[in-house]
There are 2 protein chains.
Amino acid sequence: MQKINFHDVIDSIKDPWEPIDIAFVSDAALRVAMIHGAYDWHIHRLEDELFFVLKGKIYIDTEQGTIELNELEGFLVKKGIRHRSRSDAPAWVLLFEPKETKTKGD
Amino acid sequence: MQKINFHDVIDSIKDPWEPIDIAFVSDAALRVAMIHGAYDWHIHRLEDELFFVLKGKIYIDTEQGTIELNELEGFLVKKGIRHRSRSDAPAWVLLFEPKETKTKGD
């Protein structure tokens with residue numbers, strides 16, 4: 001009977017690119033991560049990955065262009081799409097992805 | 001390259017208890033639903049279901065008690081737990097659940 005307070009989750013995350021598992025449902029995971037600076041370009045060959053901004057603003061760079069995401073905005077990176085996330089200031093996102101997805105890509 | 005604007009999704013939902021599919025990842029679905037009034041008590045025998053409040057305030061009633069959820073708060077209803085959602089005013093939630101989850105339970 002424990003509720004999940006995402007304000008607390010956000011406050012608890014001190015380092016970027018280190019997702020925290022919130023819940024698993026079926027074969028999927030809901031995670032929260034801090035984004036700050038620019039991550040390495042990578043590909044998930046088999047997994048779609050959805051980014052949803054909880055706090056702040058991020059960019060998703062792909063080879064087709066850049067998506068700017070503000071709070072309450074999301075973007076689904078389809079499997080096989082080379083991408084990276086980045087932000088100028090610390091930002092926090094929900095990640096919705098298959099459990100086995102590796103943060104750094106394949 | 002279409003971003004998902006949850007403000008627009010929220011604005012588009014006129015009726016409670018009619019979830020909209022946002023994305024599927026693996027065997028799980030991310031959905032948005034409006035909650036207003038009290039839903040019927042029900043059980044998902046095989047599926048966990050996570051509620052996450054995007055806008056407003058909701059209550060999850062279970063036989064173990066009631067959880068109040070405000071914005072940026074979530075709660076995982078484990079499979080087999082009899083529950084209902086309710087709210088005094090329209091509220092919008094993200095639902096994270098197996099694709100095959102039936103809104104009304106089994």
# chains A, B, ... in the order shown; residues from 1 in each chain; ligands from 1
>>> closest_atom_pairs(of="chain B", to="chain A", cutoff="7 Å", atoms="only C-alpha atoms", output="JSON lines")
{"residue": "B:Lys3", "atom": "CA", "partner": "A:Phe75", "partner_atom": "CA", "distance": 4.8}
{"residue": "B:Ile4", "atom": "CA", "partner": "A:Gly74", "partner_atom": "CA", "distance": 4.8}
{"residue": "B:Asn5", "atom": "CA", "partner": "A:Glu73", "partner_atom": "CA", "distance": 4.6}
{"residue": "B:Phe6", "atom": "CA", "partner": "A:Leu72", "partner_atom": "CA", "distance": 5.4}
{"residue": "B:His7", "atom": "CA", "partner": "A:Leu72", "partner_atom": "CA", "distance": 6.7}
{"residue": "B:Val25", "atom": "CA", "partner": "A:Glu97", "partner_atom": "CA", "distance": 5.9}
{"residue": "B:Ser26", "atom": "CA", "partner": "A:Pro98", "partner_atom": "CA", "distance": 5.8}
{"residue": "B:Asp27", "atom": "CA", "partner": "A:Asp27", "partner_atom": "CA", "distance": 5.9}
{"residue": "B:Ala28", "atom": "CA", "partner": "A:Ala28", "partner_atom": "CA", "distance": 5.9}
{"residue": "B:Asp48", "atom": "CA", "partner": "A:Val25", "partner_atom": "CA", "distance": 6.2}
{"residue": "B:Leu72", "atom": "CA", "partner": "A:Phe6", "partner_atom": "CA", "distance": 5.4}
{"residue": "B:Glu73", "atom": "CA", "partner": "A:Asn5", "partner_atom": "CA", "distance": 4.6}
{"residue": "B:Gly74", "atom": "CA", "partner": "A:Ile4", "partner_atom": "CA", "distance": 4.8}
{"residue": "B:Phe75", "atom": "CA", "partner": "A:Lys3", "partner_atom": "CA", "distance": 4.8}
{"residue": "B:Glu97", "atom": "CA", "partner": "A:Val25", "partner_atom": "CA", "distance": 5.9}
{"residue": "B:Pro98", "atom": "CA", "partner": "A:Ser26", "partner_atom": "CA", "distance": 5.8}
>>> write_last_selection(atoms="N, CA and C atoms", output="compact mmCIF listing (two decimals), in the first residue's frame")
# COMPACT_ATOMS: atom_id res chain seq x y z
N LYS B 3 5.98 13.99 -31.70
CA LYS B 3 6.01 13.91 -30.25
C LYS B 3 4.59 13.76 -29.69
N ILE B 4 4.52 13.30 -28.47
CA ILE B 4 3.23 13.07 -27.82
C ILE B 4 3.04 14.19 -26.81
N ASN B 5 2.03 15.02 -27.06
CA ASN B 5 1.78 16.11 -26.14
C ASN B 5 0.62 15.70 -25.22
N PHE B 6 0.96 15.44 -23.97
CA PHE B 6 -0.06 14.93 -23.05
C PHE B 6 -1.08 16.00 -22.68
N HIS B 7 -0.71 17.28 -22.82
CA HIS B 7 -1.72 18.33 -22.65
C HIS B 7 -2.84 18.14 -23.69
N VAL B 25 4.85 -1.13 -25.57
CA VAL B 25 6.25 -1.54 -25.49
C VAL B 25 6.23 -2.96 -24.97
N SER B 26 6.80 -3.86 -25.72
CA SER B 26 6.77 -5.25 -25.33
C SER B 26 5.30 -5.64 -25.14
N ASP B 27 4.95 -6.27 -24.05
CA ASP B 27 3.55 -6.67 -23.83
C ASP B 27 2.78 -5.66 -22.99
N ALA B 28 3.33 -4.48 -22.80
CA ALA B 28 2.69 -3.50 -21.91
C ALA B 28 2.16 -2.31 -22.71
N ASP B 48 -0.86 -6.61 -13.13
CA ASP B 48 -0.59 -5.44 -12.30
C ASP B 48 -0.97 -4.20 -13.11
N LEU B 72 1.89 13.80 -10.08
CA LEU B 72 3.24 13.22 -9.94
C LEU B 72 3.29 12.16 -8.84
N GLU B 73 2.14 11.62 -8.48
CA GLU B 73 2.14 10.47 -7.58
C GLU B 73 1.52 9.27 -8.29
N GLY B 74 2.00 8.09 -7.92
CA GLY B 74 1.52 6.87 -8.58
C GLY B 74 1.30 5.77 -7.57
N PHE B 75 0.62 4.73 -8.03
CA PHE B 75 0.35 3.57 -7.18
C PHE B 75 0.20 2.34 -8.05
N GLU B 97 0.09 -0.87 -17.88
CA GLU B 97 -0.51 -2.18 -17.62
C GLU B 97 -0.29 -3.10 -18.81
N PRO B 98 -0.44 -4.41 -18.60
CA PRO B 98 -0.35 -5.31 -19.75
C PRO B 98 -1.41 -4.94 -20.79
>>> select_by_dssp(residues="stretch 1-104 of chain B", states="helix (DSSP H, G or I)", output="list of chain:residue names")
B:Phe6, B:His7, B:Asp8, B:Val9, B:Ile10, B:Asp11, B:Ser12
>>> calpha_fit_and_write(fixed="chain B", moving="chain A", output="CSV table (one decimal) with N, CA and C atoms, in the first residue's frame")
chain,number,residue,atom,x,y,z
A,1,MET,N,8.4,10.8,-36.3
A,1,MET,CA,9.0,12.0,-35.6
A,1,MET,C,7.9,12.8,-34.9
A,2,GLN,N,6.9,12.2,-34.4
A,2,GLN,CA,5.8,12.9,-33.8
A,2,GLN,C,5.9,12.8,-32.3
A,3,LYS,N,6.0,14.0,-31.7
A,3,LYS,CA,6.0,13.9,-30.3
A,3,LYS,C,4.6,13.8,-29.7
A,4,ILE,N,4.5,13.3,-28.5
A,4,ILE,CA,3.2,13.1,-27.8
A,4,ILE,C,3.0,14.2,-26.8
A,5,ASN,N,2.0,15.0,-27.1
A,5,ASN,CA,1.8,16.1,-26.1
A,5,ASN,C,0.6,15.7,-25.2
A,6,PHE,N,1.0,15.4,-24.0
A,6,PHE,CA,-0.1,14.9,-23.1
A,6,PHE,C,-1.1,16.0,-22.7
A,7,HIS,N,-0.7,17.3,-22.8
A,7,HIS,CA,-1.7,18.3,-22.6
A,7,HIS,C,-2.8,18.1,-23.7
A,8,ASP,N,-2.4,17.9,-24.9
A,8,ASP,CA,-3.4,17.7,-26.0
A,8,ASP,C,-4.2,16.4,-25.8
A,9,VAL,N,-3.5,15.3,-25.3
A,9,VAL,CA,-4.2,14.1,-25.1
A,9,VAL,C,-5.3,14.3,-24.0
A,10,ILE,N,-4.9,15.0,-22.9
A,10,ILE,CA,-5.8,15.3,-21.8
A,10,ILE,C,-7.0,16.1,-22.4
A,11,ASP,N,-6.7,17.1,-23.2
A,11,ASP,CA,-7.8,18.0,-23.7
A,11,ASP,C,-8.8,17.2,-24.6
A,12,SER,N,-8.2,16.1,-25.2
A,12,SER,CA,-9.0,15.4,-26.2
A,12,SER,C,-10.0,14.4,-25.5
A,13,ILE,N,-9.8,14.1,-24.3
A,13,ILE,CA,-10.6,13.1,-23.6
A,13,ILE,C,-11.8,13.7,-22.9
A,14,LYS,N,-13.0,13.3,-23.4
A,14,LYS,CA,-14.2,14.0,-22.9
A,14,LYS,C,-14.9,13.1,-21.9
A,15,ASP,N,-14.7,11.8,-22.0
A,15,ASP,CA,-15.4,10.9,-21.1
A,15,ASP,C,-14.6,10.1,-20.2
A,16,PRO,N,-15.0,9.9,-18.9
A,16,PRO,CA,-14.2,9.1,-18.0
A,16,PRO,C,-14.3,7.6,-18.4
A,17,TRP,N,-13.3,6.9,-17.9
A,17,TRP,CA,-13.2,5.4,-18.0
A,17,TRP,C,-13.1,4.9,-19.4
A,18,GLU,N,-12.6,5.8,-20.3
A,18,GLU,CA,-12.3,5.4,-21.7
A,18,GLU,C,-10.9,5.6,-22.0
A,19,PRO,N,-10.0,4.7,-21.6
A,19,PRO,CA,-8.5,4.9,-21.8
A,19,PRO,C,-8.2,5.0,-23.3
A,20,ILE,N,-7.2,5.9,-23.6
A,20,ILE,CA,-6.6,6.0,-24.9
A,20,ILE,C,-5.2,5.4,-24.9
A,21,ASP,N,-4.9,4.6,-25.9
A,21,ASP,CA,-3.6,4.0,-26.0
A,21,ASP,C,-2.6,5.1,-26.5
A,22,ILE,N,-1.5,5.2,-25.8
A,22,ILE,CA,-0.4,6.1,-26.1
A,22,ILE,C,0.7,5.3,-26.9
A,23,ALA,N,1.1,4.2,-26.3
A,23,ALA,CA,2.2,3.5,-26.9
A,23,ALA,C,2.2,2.1,-26.3
A,24,PHE,N,2.7,1.2,-27.1
A,24,PHE,CA,2.9,-0.2,-26.6
A,24,PHE,C,4.4,-0.5,-26.6
A,25,VAL,N,4.8,-1.1,-25.6
A,25,VAL,CA,6.2,-1.5,-25.5
A,25,VAL,C,6.2,-3.0,-25.0
A,26,SER,N,6.8,-3.8,-25.8
A,26,SER,CA,6.8,-5.2,-25.4
A,26,SER,C,5.3,-5.6,-25.2
A,27,ASP,N,5.0,-6.3,-24.1
A,27,ASP,CA,3.6,-6.7,-23.8
A,27,ASP,C,2.8,-5.6,-23.0
A,28,ALA,N,3.3,-4.5,-22.8
A,28,ALA,CA,2.7,-3.5,-21.9
A,28,ALA,C,2.2,-2.3,-22.7
A,29,ALA,N,1.2,-1.7,-22.1
A,29,ALA,CA,0.6,-0.5,-22.8
A,29,ALA,C,0.7,0.7,-21.8
A,30,LEU,N,0.9,1.9,-22.4
A,30,LEU,CA,0.8,3.1,-21.7
A,30,LEU,C,-0.5,3.8,-22.2
A,31,ARG,N,-1.4,4.1,-21.3
A,31,ARG,CA,-2.7,4.7,-21.7
A,31,ARG,C,-2.9,5.9,-20.9
A,32,VAL,N,-3.8,6.8,-21.3
A,32,VAL,CA,-4.3,7.9,-20.5
A,32,VAL,C,-5.8,7.8,-20.4
A,33,ALA,N,-6.3,8.0,-19.2
A,33,ALA,CA,-7.7,8.0,-19.0
A,33,ALA,C,-8.2,9.1,-18.1
A,34,MET,N,-9.4,9.5,-18.3
A,34,MET,CA,-10.0,10.5,-17.3
A,34,MET,C,-10.7,9.7,-16.2
A,35,ILE,N,-10.6,10.2,-15.0
A,35,ILE,CA,-11.3,9.6,-13.9
A,35,ILE,C,-12.2,10.7,-13.4
A,36,HIS,N,-13.5,10.4,-13.2
A,36,HIS,CA,-14.4,11.3,-12.6
A,36,HIS,C,-15.6,10.5,-12.0
A,37,GLY,N,-15.9,10.7,-10.8
A,37,GLY,CA,-16.9,9.9,-10.1
A,37,GLY,C,-16.2,8.7,-9.6
A,38,ALA,N,-17.0,7.6,-9.4
A,38,ALA,CA,-16.4,6.4,-8.8
A,38,ALA,C,-16.7,5.3,-9.8
A,39,TYR,N,-15.6,4.5,-10.0
A,39,TYR,CA,-15.7,3.4,-10.9
A,39,TYR,C,-16.3,2.1,-10.2
A,40,ASP,N,-16.6,1.1,-10.9
A,40,ASP,CA,-17.0,-0.1,-10.2
A,40,ASP,C,-15.8,-0.8,-9.6
A,41,TRP,N,-16.1,-1.5,-8.5
A,41,TRP,CA,-15.0,-2.3,-7.9
A,41,TRP,C,-14.7,-3.5,-8.9
A,42,HIS,N,-13.4,-3.8,-9.0
A,42,HIS,CA,-13.1,-4.9,-9.9
A,42,HIS,C,-11.7,-5.5,-9.6
A,43,ILE,N,-11.4,-6.6,-10.2
A,43,ILE,CA,-10.1,-7.3,-10.0
A,43,ILE,C,-9.5,-7.6,-11.4
A,44,HIS,N,-8.2,-7.4,-11.5
A,44,HIS,CA,-7.5,-8.0,-12.6
A,44,HIS,C,-6.7,-9.2,-12.0
A,45,ARG,N,-7.1,-10.4,-12.4
A,45,ARG,CA,-6.6,-11.5,-11.8
A,45,ARG,C,-5.1,-11.7,-12.2
A,46,LEU,N,-4.7,-11.3,-13.4
A,46,LEU,CA,-3.4,-11.7,-13.9
A,46,LEU,C,-2.5,-10.4,-14.1
A,47,GLU,N,-3.1,-9.3,-14.0
A,47,GLU,CA,-2.3,-8.1,-14.4
A,47,GLU,C,-2.1,-7.1,-13.3
A,48,ASP,N,-0.9,-6.6,-13.1
A,48,ASP,CA,-0.6,-5.4,-12.3
A,48,ASP,C,-1.0,-4.2,-13.1
A,49,GLU,N,-1.4,-3.1,-12.4
A,49,GLU,CA,-1.8,-1.9,-13.1
A,49,GLU,C,-1.3,-0.7,-12.3
A,50,LEU,N,-0.5,0.1,-13.0
A,50,LEU,CA,0.0,1.3,-12.3
A,50,LEU,C,-0.7,2.5,-12.7
A,51,PHE,N,-1.2,3.3,-11.7
A,51,PHE,CA,-1.8,4.6,-11.9
A,51,PHE,C,-0.8,5.7,-11.6
A,52,PHE,N,-0.8,6.7,-12.5
A,52,PHE,CA,0.1,7.8,-12.3
A,52,PHE,C,-0.7,9.1,-12.6
A,53,VAL,N,-0.8,10.0,-11.7
A,53,VAL,CA,-1.6,11.2,-11.9
A,53,VAL,C,-0.9,12.3,-12.7
A,54,LEU,N,-1.5,12.6,-13.9
A,54,LEU,CA,-1.0,13.7,-14.7
A,54,LEU,C,-1.6,15.0,-14.3
A,55,LYS,N,-2.9,15.0,-14.0
A,55,LYS,CA,-3.6,16.2,-13.7
A,55,LYS,C,-4.7,16.0,-12.8
A,56,GLY,N,-4.8,16.7,-11.7
A,56,GLY,CA,-5.9,16.5,-10.7
A,56,GLY,C,-5.6,15.6,-9.6
A,57,LYS,N,-6.6,15.1,-8.9
A,57,LYS,CA,-6.4,14.2,-7.8
A,57,LYS,C,-7.3,13.1,-7.8
A,58,ILE,N,-6.8,11.9,-7.5
A,58,ILE,CA,-7.7,10.7,-7.5
A,58,ILE,C,-7.5,9.9,-6.2
A,59,TYR,N,-8.5,9.0,-6.0
A,59,TYR,CA,-8.3,8.1,-4.9
A,59,TYR,C,-8.4,6.7,-5.5
A,60,ILE,N,-7.6,5.8,-5.0
A,60,ILE,CA,-7.7,4.3,-5.3
A,60,ILE,C,-8.2,3.7,-4.0
A,61,ASP,N,-9.4,3.1,-4.1
A,61,ASP,CA,-9.9,2.4,-3.0
A,61,ASP,C,-9.5,0.9,-3.1
A,62,THR,N,-9.0,0.3,-2.0
A,62,THR,CA,-8.8,-1.1,-2.0
A,62,THR,C,-9.4,-1.6,-0.7
A,63,GLU,N,-9.5,-2.9,-0.6
A,63,GLU,CA,-10.0,-3.5,0.7
A,63,GLU,C,-9.1,-3.3,1.9
A,64,GLN,N,-7.8,-2.9,1.5
A,64,GLN,CA,-6.9,-2.6,2.6
A,64,GLN,C,-6.9,-1.1,3.0
A,65,GLY,N,-7.6,-0.3,2.2
A,65,GLY,CA,-7.7,1.2,2.5
A,65,GLY,C,-7.7,2.0,1.3
A,66,THR,N,-7.6,3.3,1.4
A,66,THR,CA,-7.7,4.2,0.3
A,66,THR,C,-6.3,5.0,0.2
A,67,ILE,N,-5.9,5.1,-1.1
A,67,ILE,CA,-4.7,5.8,-1.4
A,67,ILE,C,-5.1,7.1,-2.1
A,68,GLU,N,-4.6,8.3,-1.6
A,68,GLU,CA,-4.9,9.5,-2.3
A,68,GLU,C,-3.7,9.8,-3.1
A,69,LEU,N,-4.0,10.1,-4.4
A,69,LEU,CA,-2.9,10.4,-5.3
A,69,LEU,C,-3.0,11.8,-6.0
A,70,ASN,N,-2.0,12.6,-5.8
A,70,ASN,CA,-2.0,13.9,-6.4
A,70,ASN,C,-1.0,13.9,-7.6
A,71,GLU,N,-0.9,15.0,-8.2
A,71,GLU,CA,-0.1,15.1,-9.5
A,71,GLU,C,1.4,14.6,-9.2
A,72,LEU,N,1.9,13.8,-10.1
A,72,LEU,CA,3.2,13.2,-9.9
A,72,LEU,C,3.3,12.2,-8.9
A,73,GLU,N,2.1,11.6,-8.5
A,73,GLU,CA,2.1,10.5,-7.6
A,73,GLU,C,1.5,9.3,-8.3
A,74,GLY,N,2.0,8.1,-7.9
A,74,GLY,CA,1.5,6.9,-8.6
A,74,GLY,C,1.3,5.8,-7.6
A,75,PHE,N,0.6,4.7,-8.0
A,75,PHE,CA,0.4,3.6,-7.2
A,75,PHE,C,0.2,2.3,-8.0
A,76,LEU,N,0.9,1.3,-7.6
A,76,LEU,CA,0.8,0.0,-8.4
A,76,LEU,C,-0.2,-0.9,-7.7
A,77,VAL,N,-1.3,-1.2,-8.4
A,77,VAL,CA,-2.3,-2.1,-7.9
A,77,VAL,C,-1.9,-3.5,-8.4
A,78,LYS,N,-1.5,-4.3,-7.4
A,78,LYS,CA,-1.0,-5.7,-7.8
A,78,LYS,C,-2.2,-6.5,-8.2
A,79,LYS,N,-1.8,-7.5,-9.1
A,79,LYS,CA,-2.9,-8.4,-9.6
A,79,LYS,C,-3.6,-9.1,-8.4
A,80,GLY,N,-4.9,-9.3,-8.6
A,80,GLY,CA,-5.7,-10.0,-7.6
A,80,GLY,C,-6.2,-9.0,-6.5
A,81,ILE,N,-5.8,-7.8,-6.5
A,81,ILE,CA,-6.3,-6.8,-5.5
A,81,ILE,C,-7.6,-6.2,-6.0
A,82,ARG,N,-8.7,-6.3,-5.2
A,82,ARG,CA,-9.9,-5.7,-5.6
A,82,ARG,C,-9.8,-4.2,-5.4
A,83,HIS,N,-10.2,-3.4,-6.4
A,83,HIS,CA,-10.0,-1.9,-6.3
A,83,HIS,C,-11.0,-1.2,-7.1
A,84,ARG,N,-11.0,0.1,-6.9
A,84,ARG,CA,-11.7,1.0,-7.8
A,84,ARG,C,-11.0,2.3,-7.8
A,85,SER,N,-11.1,3.1,-8.8
A,85,SER,CA,-10.6,4.5,-8.8
A,85,SER,C,-11.8,5.4,-8.7
A,86,ARG,N,-11.5,6.6,-8.2
A,86,ARG,CA,-12.6,7.6,-8.1
A,86,ARG,C,-11.9,9.0,-8.0
A,87,SER,N,-12.7,10.0,-8.3
A,87,SER,CA,-12.3,11.4,-8.1
A,87,SER,C,-13.5,12.3,-8.0
A,88,ASP,N,-13.3,13.4,-7.3
A,88,ASP,CA,-14.4,14.3,-7.1
A,88,ASP,C,-14.6,15.2,-8.3
A,89,ALA,N,-13.5,15.5,-8.9
A,89,ALA,CA,-13.4,16.4,-10.1
A,89,ALA,C,-12.7,15.6,-11.2
A,90,PRO,N,-12.9,16.0,-12.5
A,90,PRO,CA,-12.2,15.3,-13.5
A,90,PRO,C,-10.7,15.3,-13.2
A,91,ALA,N,-10.1,14.1,-13.4
A,91,ALA,CA,-8.6,14.0,-13.2
A,91,ALA,C,-8.1,13.1,-14.3
A,92,TRP,N,-6.8,13.2,-14.7
A,92,TRP,CA,-6.3,12.4,-15.8
A,92,TRP,C,-5.1,11.6,-15.3
A,93,VAL,N,-5.1,10.3,-15.7
A,93,VAL,CA,-4.0,9.5,-15.2
A,93,VAL,C,-3.3,8.8,-16.4
A,94,LEU,N,-2.0,8.5,-16.2
A,94,LEU,CA,-1.3,7.5,-17.0
A,94,LEU,C,-1.6,6.1,-16.4
A,95,LEU,N,-1.9,5.2,-17.3
A,95,LEU,CA,-2.1,3.8,-16.9
A,95,LEU,C,-0.9,3.0,-17.5
A,96,PHE,N,-0.3,2.2,-16.8
A,96,PHE,CA,0.8,1.3,-17.3
A,96,PHE,C,0.4,-0.1,-16.9
A,97,GLU,N,0.1,-0.9,-17.9
A,97,GLU,CA,-0.5,-2.2,-17.6
A,97,GLU,C,-0.3,-3.1,-18.8
A,98,PRO,N,-0.4,-4.4,-18.6
A,98,PRO,CA,-0.4,-5.3,-19.7
A,98,PRO,C,-1.4,-5.0,-20.8
A,99,LYS,N,-1.0,-5.1,-22.1
A,99,LYS,CA,-1.9,-4.8,-23.2
A,99,LYS,C,-3.3,-5.3,-23.0
A,100,GLU,N,-3.4,-6.5,-22.5
A,100,GLU,CA,-4.7,-7.2,-22.5
A,100,GLU,C,-5.6,-6.9,-21.3
A,101,THR,N,-5.1,-6.0,-20.5
A,101,THR,CA,-5.9,-5.6,-19.3
A,101,THR,C,-7.2,-5.0,-19.7
A,102,LYS,N,-8.3,-5.5,-19.1
A,102,LYS,CA,-9.6,-5.0,-19.4
A,102,LYS,C,-9.9,-3.9,-18.3
A,103,THR,N,-10.4,-2.7,-18.8
A,103,THR,CA,-10.7,-1.6,-17.9
A,103,THR,C,-11.6,-2.1,-16.8
A,104,LYS,N,-12.6,-2.9,-17.1
A,104,LYS,CA,-13.6,-3.3,-16.1
A,104,LYS,C,-13.2,-4.4,-15.3
A,105,GLY,N,-12.0,-5.0,-15.5
A,105,GLY,CA,-11.6,-6.1,-14.7
A,105,GLY,C,-12.1,-7.4,-15.3
A,106,ASP,N,-11.8,-8.5,-14.7
A,106,ASP,CA,-12.1,-9.8,-15.2
A,106,ASP,C,-13.5,-10.3,-14.9
>>> select_by_dssp(residues="chain B", states="strand (DSSP E)", output="PyMOL selection string")
chain B and resi 4-5+20-25+28-38+49-55+58-62+65-69+73-77+83-98
